[in-house]
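Novice: So here's structure.cif (mmCIF, C-alpha atoms).
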```
data_coords
loop_
_atom_site.group_PDB
_atom_site.id
_atom_site.type_symbol
_atom_site.label_atom_id
_atom_site.label_comp_id
_atom_site.auth_asym_id
_atom_site.auth_seq_id
_atom_site.Cartn_x
_atom_site.Cartn_y
_atom_site.Cartn_z
ATOM 1 C CA MET A 1 97.779 27.602 -60.635
ATOM 2 C CA LEU A 2 98.338 27.667 -56.883
ATOM 3 C CA LEU A 3 96.470 30.131 -54.698
ATOM 4 C CA SER A 4 96.215 30.870 -50.972
ATOM 5 C CA GLY A 5 96.613 27.845 -48.716
ATOM 6 C CA VAL A 6 98.599 26.229 -45.944
ATOM 7 C CA LEU A 7 101.322 23.592 -45.682
ATOM 8 C CA TYR A 8 102.866 21.992 -48.788
ATOM 9 C CA ASP A 9 99.815 20.898 -50.759
ATOM 10 C CA GLY A 10 100.243 21.674 -54.426
ATOM 11 C CA VAL A 11 104.037 21.736 -54.596
ATOM 12 C CA LEU A 12 104.264 18.223 -56.023
ATOM 13 C CA GLY A 13 101.341 18.942 -58.339
ATOM 14 C CA LEU A 14 103.023 22.020 -59.771
ATOM 15 C CA ASP A 15 106.245 20.087 -60.214
ATOM 16 C CA ALA A 16 104.372 17.360 -62.086
ATOM 17 C CA ILE A 17 102.658 19.924 -64.350
ATOM 18 C CA ARG A 18 105.951 21.622 -65.128
ATOM 19 C CA SER A 19 107.690 18.300 -65.821
ATOM 20 C CA ARG A 20 105.069 17.530 -68.500
ATOM 21 C CA GLY A 21 105.512 20.847 -70.262
ATOM 22 C CA GLY A 22 102.807 22.789 -68.439
ATOM 23 C CA THR A 23 103.078 26.329 -67.094
ATOM 24 C CA THR A 24 102.896 26.939 -63.360
ATOM 25 C CA ILE A 25 101.566 30.065 -61.644
ATOM 26 C CA VAL A 26 101.324 31.002 -57.968
ATOM 27 C CA GLN A 27 99.590 33.836 -56.198
ATOM 28 C CA GLN A 28 101.869 36.453 -54.678
ATOM 29 C CA PRO A 29 102.341 35.307 -51.047
ATOM 30 C CA ALA A 30 102.216 38.892 -49.740
ATOM 31 C CA GLU A 31 98.556 39.256 -50.768
ATOM 32 C CA ALA A 32 97.394 35.688 -50.026
ATOM 33 C CA MET A 33 95.191 35.153 -46.992
ATOM 34 C CA TYR A 34 97.308 32.080 -46.227
ATOM 35 C CA PRO A 35 100.711 32.590 -47.896
ATOM 36 C CA ALA A 36 102.367 29.279 -46.931
ATOM 37 C CA MET A 37 101.291 27.256 -49.974
ATOM 38 C CA PRO A 38 102.418 29.673 -52.717
ATOM 39 C CA LEU A 39 105.520 30.553 -50.702
ATOM 40 C CA ASN A 40 106.489 26.877 -50.408
ATOM 41 C CA ALA A 41 106.057 26.470 -54.157
ATOM 42 C CA LEU A 42 108.325 29.453 -54.830
ATOM 43 C CA GLN A 43 110.945 28.173 -52.409
ATOM 44 C CA ALA A 44 110.821 24.740 -54.046
ATOM 45 C CA GLY A 45 111.485 26.340 -57.438
ATOM 46 C CA VAL A 46 108.388 24.869 -59.122
ATOM 47 C CA ALA A 47 106.633 28.170 -59.953
ATOM 48 C CA GLU A 48 107.345 29.885 -63.277
ATOM 49 C CA HIS A 49 105.062 32.876 -62.749
ATOM 50 C CA GLU A 50 104.028 34.856 -59.671
ATOM 51 C CA ALA A 51 101.038 37.194 -59.915
ATOM 52 C CA SER A 52 98.435 38.962 -57.823
ATOM 53 C CA ALA A 53 94.846 37.743 -57.941
ATOM 54 C CA HIS A 54 93.996 40.933 -59.835
ATOM 55 C CA ASP A 55 96.552 40.164 -62.569
ATOM 56 C CA MET A 56 95.806 36.433 -62.931
ATOM 57 C CA GLY A 57 93.264 36.873 -65.711
ATOM 58 C CA ARG A 58 95.579 39.080 -67.760
ATOM 59 C CA LEU A 59 98.436 36.604 -67.345
ATOM 60 C CA LEU A 60 96.238 33.655 -68.386
ATOM 61 C CA MET A 61 95.110 35.498 -71.512
ATOM 62 C CA LYS A 62 98.724 36.213 -72.411
ATOM 63 C CA LEU A 63 99.734 32.592 -71.894
ATOM 64 C CA ALA A 64 96.725 31.348 -73.880
ATOM 65 C CA ASP A 65 97.935 33.248 -76.966
ATOM 66 C CA ARG A 66 101.195 31.313 -77.146
ATOM 67 C CA GLU A 67 101.900 28.740 -79.812
ATOM 68 C CA LEU A 68 102.390 25.382 -78.178
ATOM 69 C CA LYS A 69 104.467 22.605 -79.637
ATOM 70 C CA GLU A 70 103.431 19.092 -78.727
ATOM 71 C CA SER A 71 106.253 16.811 -77.713
ATOM 72 C CA ASP A 72 106.476 13.093 -77.129
ATOM 73 C CA MET A 73 106.891 12.183 -73.495
ATOM 74 C CA GLU A 74 107.683 8.947 -71.767
ATOM 75 C CA ARG A 75 105.108 7.508 -69.446
ATOM 76 C CA ASP A 76 105.536 8.519 -65.812
ATOM 77 C CA ALA A 77 104.766 5.528 -63.588
ATOM 78 C CA ASN A 78 104.588 7.624 -60.414
ATOM 79 C CA MET A 79 102.131 10.045 -61.993
ATOM 80 C CA GLU A 80 99.961 7.213 -63.265
ATOM 81 C CA LEU A 81 99.899 5.741 -59.770
ATOM 82 C CA GLU A 82 98.930 9.117 -58.291
ATOM 83 C CA ASN A 83 96.147 9.428 -60.877
ATOM 84 C CA ARG A 84 94.781 5.977 -59.995
ATOM 85 C CA ILE A 85 94.760 6.926 -56.314
ATOM 86 C CA ALA A 86 93.121 10.305 -57.011
ATOM 87 C CA MET A 87 90.447 8.820 -59.293
ATOM 88 C CA GLY A 88 89.663 5.933 -56.958
ATOM 89 C CA ARG A 89 87.287 6.004 -54.032
ATOM 90 C CA ARG A 90 88.531 7.686 -50.888
ATOM 91 C CA PHE A 91 91.065 5.617 -48.942
ATOM 92 C CA SER A 92 90.920 2.842 -51.517
ATOM 93 C CA THR A 93 93.208 -0.113 -50.830
ATOM 94 C CA SER A 94 92.778 -1.694 -54.262
ATOM 95 C CA PHE A 95 96.270 -0.693 -55.393
ATOM 96 C CA ASN A 96 99.380 -2.633 -54.455
ATOM 97 C CA THR A 97 100.972 -0.817 -51.521
ATOM 98 C CA GLU A 98 104.397 -2.133 -52.413
ATOM 99 C CA SER A 99 104.185 -0.327 -55.750
ATOM 100 C CA LEU A 100 104.241 2.986 -53.886
ATOM 101 C CA GLY A 101 107.884 2.499 -52.994
ATOM 102 C CA PRO A 102 110.091 1.001 -50.287
ATOM 103 C CA PRO A 103 109.137 1.197 -46.593
ATOM 104 C CA SER A 104 110.315 4.465 -45.070
ATOM 105 C CA GLY A 105 110.504 3.342 -41.445
ATOM 106 C CA TYR A 106 108.023 6.106 -40.458
ATOM 107 C CA VAL A 107 104.323 5.999 -39.631
ATOM 108 C CA CYS A 108 101.493 8.185 -40.895
ATOM 109 C CA PRO A 109 100.483 10.913 -38.408
ATOM 110 C CA ASP A 110 96.839 10.606 -39.537
ATOM 111 C CA CYS A 111 96.271 6.849 -39.252
ATOM 112 C CA ASN A 112 99.506 5.452 -37.735
ATOM 113 C CA GLY A 113 99.925 3.161 -40.728
ATOM 114 C CA SER A 114 103.336 2.526 -42.235
ATOM 115 C CA LEU A 115 104.567 5.076 -44.764
ATOM 116 C CA GLN A 116 106.093 4.090 -48.086
ATOM 117 C CA MET A 117 108.657 6.372 -49.741
ATOM 118 C CA VAL A 118 107.099 7.385 -53.063
ATOM 119 C CA SER A 119 110.117 9.512 -53.959
ATOM 120 C CA GLU A 120 112.888 11.266 -52.075
ATOM 121 C CA GLY A 121 111.187 13.265 -49.325
ATOM 122 C CA ASN A 122 107.629 12.220 -50.283
ATOM 123 C CA PHE A 123 105.585 9.547 -48.544
ATOM 124 C CA ARG A 124 102.213 7.770 -48.703
ATOM 125 C CA CYS A 125 100.520 5.370 -46.340
ATOM 126 C CA ARG A 126 98.461 2.308 -47.205
ATOM 127 C CA VAL A 127 95.153 4.223 -47.272
ATOM 128 C CA GLY A 128 96.461 7.100 -49.394
ATOM 129 C CA HIS A 129 97.502 9.856 -46.985
ATOM 130 C CA ALA A 130 100.307 11.845 -48.652
ATOM 131 C CA TRP A 131 103.122 13.658 -46.856
ATOM 132 C CA SER A 132 106.094 15.722 -47.907
ATOM 133 C CA GLY A 133 109.198 15.571 -45.737
ATOM 134 C CA ASP A 134 108.557 19.065 -44.348
ATOM 135 C CA ALA A 135 104.890 18.368 -43.631
ATOM 136 C CA LEU A 136 105.872 15.147 -41.856
ATOM 137 C CA LEU A 137 108.400 17.037 -39.734
ATOM 138 C CA GLN A 138 105.756 19.588 -38.787
ATOM 139 C CA ALA A 139 103.331 16.826 -37.822
ATOM 140 C CA ARG A 140 106.020 15.266 -35.613
ATOM 141 C CA ASP A 141 106.621 18.651 -33.953
ATOM 142 C CA GLU A 142 102.909 18.883 -33.168
ATOM 143 C CA GLU A 143 102.909 15.333 -31.757
ATOM 144 C CA VAL A 144 105.895 16.114 -29.525
ATOM 145 C CA GLU A 145 104.301 19.340 -28.303
ATOM 146 C CA THR A 146 101.047 17.539 -27.510
ATOM 147 C CA ALA A 147 102.937 14.841 -25.627
ATOM 148 C CA LEU A 148 104.833 17.465 -23.605
ATOM 149 C CA TRP A 149 101.621 19.234 -22.605
ATOM 150 C CA VAL A 150 100.087 15.894 -21.567
ATOM 151 C CA ALA A 151 103.211 15.162 -19.517
ATOM 152 C CA LEU A 152 103.010 18.613 -17.882
ATOM 153 C CA ARG A 153 99.381 18.106 -16.915
ATOM 154 C CA SER A 154 100.082 14.601 -15.573
ATOM 155 C CA LEU A 155 102.983 15.872 -13.454
ATOM 156 C CA GLN A 156 100.822 18.650 -12.002
ATOM 157 C CA GLU A 157 98.116 16.149 -11.096
ATOM 158 C CA LYS A 158 100.697 13.790 -9.608
ATOM 159 C CA SER A 159 102.038 16.584 -7.411
ATOM 160 C CA ARG A 160 98.600 17.620 -6.163
ATOM 161 C CA LEU A 161 97.615 14.028 -5.452
ATOM 162 C CA ALA A 162 100.854 13.298 -3.587
ATOM 163 C CA ARG A 163 100.409 16.422 -1.424
ATOM 164 C CA ARG A 164 96.840 15.416 -0.590
ATOM 165 C CA LEU A 165 97.908 11.882 0.340
ATOM 166 C CA ALA A 166 100.709 13.306 2.489
ATOM 167 C CA GLU A 167 98.210 15.396 4.472
ATOM 168 C CA ASP A 168 96.350 12.218 5.447
ATOM 169 C CA GLU A 169 99.487 10.482 6.685
ATOM 170 C CA SER A 170 100.650 13.050 9.259
ATOM 171 C CA SER A 171 104.265 12.208 10.223
ATOM 172 C CA THR A 172 104.462 8.595 9.091
ATOM 173 C CA PRO A 173 107.088 7.301 6.625
ATOM 174 C CA LEU A 174 104.431 7.545 3.927
ATOM 175 C CA TYR A 175 104.182 11.279 4.643
ATOM 176 C CA GLU A 176 107.841 11.712 3.701
ATOM 177 C CA ARG A 177 107.480 9.471 0.663
ATOM 178 C CA TYR A 178 104.463 11.353 -0.701
ATOM 179 C CA ASN A 179 106.103 14.712 -0.144
ATOM 180 C CA ALA A 180 109.271 13.506 -1.871
ATOM 181 C CA LEU A 181 107.174 12.396 -4.856
ATOM 182 C CA ALA A 182 105.436 15.783 -4.907
ATOM 183 C CA ASP A 183 108.768 17.622 -4.763
ATOM 184 C CA GLU A 184 110.103 15.534 -7.632
ATOM 185 C CA ALA A 185 106.984 16.134 -9.748
ATOM 186 C CA GLU A 186 107.028 19.875 -9.051
ATOM 187 C CA HIS A 187 110.672 20.100 -10.069
ATOM 188 C CA ALA A 188 109.864 18.305 -13.328
ATOM 189 C CA VAL A 189 106.923 20.682 -13.895
ATOM 190 C CA THR A 190 109.266 23.665 -13.531
ATOM 191 C CA VAL A 191 111.851 22.248 -15.936
ATOM 192 C CA LEU A 192 109.271 21.165 -18.512
ATOM 193 C CA GLY A 193 107.286 24.394 -18.193
ATOM 194 C CA ASP A 194 110.415 26.494 -18.771
ATOM 195 C CA ARG A 195 111.287 24.440 -21.856
ATOM 196 C CA LEU A 196 107.804 24.842 -23.328
ATOM 197 C CA ALA A 197 107.920 28.590 -22.662
ATOM 198 C CA GLU A 198 111.296 28.802 -24.457
ATOM 199 C CA ALA A 199 109.888 26.871 -27.419
ATOM 200 C CA TYR A 200 106.953 29.261 -27.727
ATOM 201 C CA THR A 201 109.275 32.272 -27.487
ATOM 202 C CA GLU A 202 111.527 30.858 -30.217
ATOM 203 C CA ALA A 203 108.518 30.097 -32.428
ATOM 204 C CA GLY A 204 107.255 33.640 -31.955
ATOM 205 C CA ASP A 205 110.648 35.114 -32.817
ATOM 206 C CA HIS A 206 110.830 33.010 -36.013
ATOM 207 C CA GLY A 207 107.313 34.021 -36.962
ATOM 208 C CA ALA A 208 108.102 37.676 -36.458
ATOM 209 C CA GLY A 209 111.139 37.347 -38.711
#
```
Any chance you could give the structure as structure tokens?

Specialist:
Amino acid sequence: MLLSGVLYDGVLGLDAIRSRGGTTIVQQPAEAMYPAMPLNALQAGVAEHEASAHDMGRLLMKLADRELKESDMERDANMELENRIAMGRRFSTSFNTESLGPPSGYVCPDCNGSLQMVSEGNFRCRVGHAWSGDALLQARDEEVETALWVALRSLQEKSRLARRLAEDESSTPLYERYNALADEAEHAVTVLGDRLAEAYTEAGDHGAG
């Protein structure tokens, strides 16, 4: 059962439950305080039932009355590995990192360690941080945005400093050099500021849709 939450946590878990014959349920996104998690599960096609919090109990009682037929299943190496990681101490490094999968060529946003590809679109680092492809993309977006804001602040400070240095140089060649540096930084601030404003407008439009 997957209730209110953010990002993509739970999608892989529901898929694993369903693959072993279990039944998967998500809360209706429209009533969830944070609809992203159940919505992502629905979009991924891993939810068999969608219900409001009020109707969950009734649905569970109905499902509990079913006759279940046990079936033989092959061992799932990936699931066993996930269980060992989950049951181990936090950030345990006792498991063989290479058994997670091949190197992905990406790094973990949380610890900057290398990420192994556990399965297509799913990654883990050496200390156990787990990422879906979409979550990793979102983390990269946040890193880029942070870097752009740092660059904007640095350019503003560079401009102010260059103007102040120019004031102390009167009409010397350094005066022209400092002012040229300030002009260049201010132009970059305008371009970068406009781009960040556009990005926020686009994000707001997508959110409203």

Novice: Selection in question (the file shown): the PyMOL selection byres ((chain A and resi 117) around 6). Which residues does it include, as a PyMOL selection string?

Specialist: chain A and resi 101-102+104+116+118-119+122-123

Novice: Pick out the closest residue to A:Ser19 from this set: A:Cys108, A:Leu174, A:Leu115, A:Ala47. Count only C-alpha atoms.

Specialist: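 When distances to A:Ser19 are compared using only C-alpha atoms, the smallest one comes from A:Ala47.
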
Novice: For A:Thr23, which residue among A:Glu48, A:Pro35, A:Glu143, A:Leu3 is the nearest when counting all atoms listed in the file?

Specialist: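 Going through A:Glu48, A:Pro35, A:Glu143, A:Leu3 one by one, the smallest distance to A:Thr23 is for A:Glu48.
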
Novice: Between A:Val46, A:Glu157, A:Leu152, A:Met1, single out the one closest to A:Val26, counting only C-alpha atoms.

Specialist: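 Between A:Val46, A:Glu157, A:Leu152, A:Met1, the residue approaching A:Val26 most closely is A:Met1.
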
Novice: Name the residues in contact with A:Cys111 at a cut-off of 10 Å, using all atoms listed in the file, excluding same-chain residues fewer than 3 positions from it; report them as a PyMOL selection string.

Specialist: chain A and resi 107-108+114+125-127+129

Novice: At what distance in Å, to one decimal, does atom CA of A:Asp141 lie from atom CA of A:Ala16?

Specialist: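 Those two atoms sit 28.3 Å apart.
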
Novice: Name the residues that the PyMOL selection byres ((chain A and resi 2) around 12) pulls out of this structure, and write them as an MDAnalysis selection string.

Specialist: chainID A and resid 1 3:6 8:15 17 23:29 32 34:42 46:53 56

Novice: Give me the result of the PyMOL selection byres ((chain A and resi 121) around 6) on this file, residue by residue, as a compact mmCIF listing (two decimals) with C-alpha atoms, in the coordinates of the input.

Specialist:
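Printed below is selection27.txt as written:
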```txt
# COMPACT_ATOMS: atom_id res chain seq x y z
CA GLU A 120 112.89 11.27 -52.08
CA ASN A 122 107.63 12.22 -50.28
CA SER A 132 106.09 15.72 -47.91
CA GLY A 133 109.20 15.57 -45.74
```

Novice: What is the distance between atom CA of A:Trp149 and atom CA of A:His187, in Å to one decimal?

Specialist: 15.5 Å

Novice: Starting from the sparse input, extend stretch 131-157 of chain A to N, CA and C atoms and give the output as a PDB file, in the frame of the given file.

Specialist:
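New file part-v6.pdb:
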```
ATOM      1  N   TRP A 131     102.326  12.754 -47.685  1.00  0.00           N
ATOM      2  CA  TRP A 131     103.122  13.658 -46.856  1.00  0.00           C
ATOM      3  C   TRP A 131     104.414  14.029 -47.576  1.00  0.00           C
ATOM      4  N   SER A 132     104.746  15.314 -47.516  1.00  0.00           N
ATOM      5  CA  SER A 132     106.094  15.722 -47.907  1.00  0.00           C
ATOM      6  C   SER A 132     106.975  15.602 -46.675  1.00  0.00           C
ATOM      7  N   GLY A 133     108.291  15.661 -46.875  1.00  0.00           N
ATOM      8  CA  GLY A 133     109.198  15.571 -45.737  1.00  0.00           C
ATOM      9  C   GLY A 133     108.964  16.691 -44.741  1.00  0.00           C
ATOM     10  N   ASP A 134     108.762  17.922 -45.241  1.00  0.00           N
ATOM     11  CA  ASP A 134     108.557  19.065 -44.348  1.00  0.00           C
ATOM     12  C   ASP A 134     107.242  18.958 -43.595  1.00  0.00           C
ATOM     13  N   ALA A 135     106.183  18.527 -44.288  1.00  0.00           N
ATOM     14  CA  ALA A 135     104.890  18.368 -43.631  1.00  0.00           C
ATOM     15  C   ALA A 135     104.962  17.287 -42.555  1.00  0.00           C
ATOM     16  N   LEU A 136     105.714  16.215 -42.828  1.00  0.00           N
ATOM     17  CA  LEU A 136     105.872  15.147 -41.856  1.00  0.00           C
ATOM     18  C   LEU A 136     106.630  15.639 -40.628  1.00  0.00           C
ATOM     19  N   LEU A 137     107.666  16.449 -40.859  1.00  0.00           N
ATOM     20  CA  LEU A 137     108.400  17.037 -39.734  1.00  0.00           C
ATOM     21  C   LEU A 137     107.491  17.910 -38.876  1.00  0.00           C
ATOM     22  N   GLN A 138     106.656  18.714 -39.529  1.00  0.00           N
ATOM     23  CA  GLN A 138     105.756  19.588 -38.787  1.00  0.00           C
ATOM     24  C   GLN A 138     104.759  18.774 -37.966  1.00  0.00           C
ATOM     25  N   ALA A 139     104.262  17.692 -38.551  1.00  0.00           N
ATOM     26  CA  ALA A 139     103.331  16.826 -37.822  1.00  0.00           C
ATOM     27  C   ALA A 139     104.009  16.210 -36.604  1.00  0.00           C
ATOM     28  N   ARG A 140     105.279  15.825 -36.747  1.00  0.00           N
ATOM     29  CA  ARG A 140     106.020  15.266 -35.613  1.00  0.00           C
ATOM     30  C   ARG A 140     106.213  16.326 -34.524  1.00  0.00           C
ATOM     31  N   ASP A 141     106.490  17.567 -34.932  1.00  0.00           N
ATOM     32  CA  ASP A 141     106.621  18.651 -33.953  1.00  0.00           C
ATOM     33  C   ASP A 141     105.334  18.808 -33.149  1.00  0.00           C
ATOM     34  N   GLU A 142     104.199  18.738 -33.846  1.00  0.00           N
ATOM     35  CA  GLU A 142     102.909  18.883 -33.168  1.00  0.00           C
ATOM     36  C   GLU A 142     102.662  17.712 -32.219  1.00  0.00           C
ATOM     37  N   GLU A 143     103.061  16.501 -32.639  1.00  0.00           N
ATOM     38  CA  GLU A 143     102.909  15.333 -31.757  1.00  0.00           C
ATOM     39  C   GLU A 143     103.755  15.477 -30.494  1.00  0.00           C
ATOM     40  N   VAL A 144     105.005  15.940 -30.676  1.00  0.00           N
ATOM     41  CA  VAL A 144     105.895  16.114 -29.525  1.00  0.00           C
ATOM     42  C   VAL A 144     105.334  17.169 -28.580  1.00  0.00           C
ATOM     43  N   GLU A 145     104.849  18.278 -29.149  1.00  0.00           N
ATOM     44  CA  GLU A 145     104.301  19.340 -28.303  1.00  0.00           C
ATOM     45  C   GLU A 145     103.091  18.842 -27.524  1.00  0.00           C
ATOM     46  N   THR A 146     102.215  18.094 -28.199  1.00  0.00           N
ATOM     47  CA  THR A 146     101.047  17.539 -27.510  1.00  0.00           C
ATOM     48  C   THR A 146     101.464  16.616 -26.380  1.00  0.00           C
ATOM     49  N   ALA A 147     102.456  15.762 -26.651  1.00  0.00           N
ATOM     50  CA  ALA A 147     102.937  14.841 -25.627  1.00  0.00           C
ATOM     51  C   ALA A 147     103.521  15.581 -24.430  1.00  0.00           C
ATOM     52  N   LEU A 148     104.241  16.685 -24.694  1.00  0.00           N
ATOM     53  CA  LEU A 148     104.833  17.465 -23.605  1.00  0.00           C
ATOM     54  C   LEU A 148     103.760  18.122 -22.738  1.00  0.00           C
ATOM     55  N   TRP A 149     102.700  18.627 -23.379  1.00  0.00           N
ATOM     56  CA  TRP A 149     101.621  19.234 -22.605  1.00  0.00           C
ATOM     57  C   TRP A 149     100.882  18.181 -21.780  1.00  0.00           C
ATOM     58  N   VAL A 150     100.704  16.983 -22.332  1.00  0.00           N
ATOM     59  CA  VAL A 150     100.087  15.894 -21.567  1.00  0.00           C
ATOM     60  C   VAL A 150     100.966  15.532 -20.373  1.00  0.00           C
ATOM     61  N   ALA A 151     102.283  15.470 -20.610  1.00  0.00           N
ATOM     62  CA  ALA A 151     103.211  15.162 -19.517  1.00  0.00           C
ATOM     63  C   ALA A 151     103.156  16.239 -18.437  1.00  0.00           C
ATOM     64  N   LEU A 152     103.078  17.509 -18.846  1.00  0.00           N
ATOM     65  CA  LEU A 152     103.010  18.613 -17.882  1.00  0.00           C
ATOM     66  C   LEU A 152     101.756  18.510 -17.023  1.00  0.00           C
ATOM     67  N   ARG A 153     100.632  18.250 -17.661  1.00  0.00           N
ATOM     68  CA  ARG A 153      99.381  18.106 -16.915  1.00  0.00           C
ATOM     69  C   ARG A 153      99.443  16.924 -15.957  1.00  0.00           C
ATOM     70  N   SER A 154      99.986  15.795 -16.414  1.00  0.00           N
ATOM     71  CA  SER A 154     100.082  14.601 -15.573  1.00  0.00           C
ATOM     72  C   SER A 154     100.978  14.844 -14.360  1.00  0.00           C
ATOM     73  N   LEU A 155     102.086  15.560 -14.567  1.00  0.00           N
ATOM     74  CA  LEU A 155     102.983  15.872 -13.454  1.00  0.00           C
ATOM     75  C   LEU A 155     102.313  16.790 -12.436  1.00  0.00           C
ATOM     76  N   GLN A 156     101.540  17.763 -12.913  1.00  0.00           N
ATOM     77  CA  GLN A 156     100.822  18.650 -12.002  1.00  0.00           C
ATOM     78  C   GLN A 156      99.806  17.872 -11.172  1.00  0.00           C
ATOM     79  N   GLU A 157      99.096  16.964 -11.825  1.00  0.00           N
ATOM     80  CA  GLU A 157      98.116  16.149 -11.096  1.00  0.00           C
ATOM     81  C   GLU A 157      98.808  15.216 -10.110  1.00  0.00           C
TER      82      GLU A 157
END
```
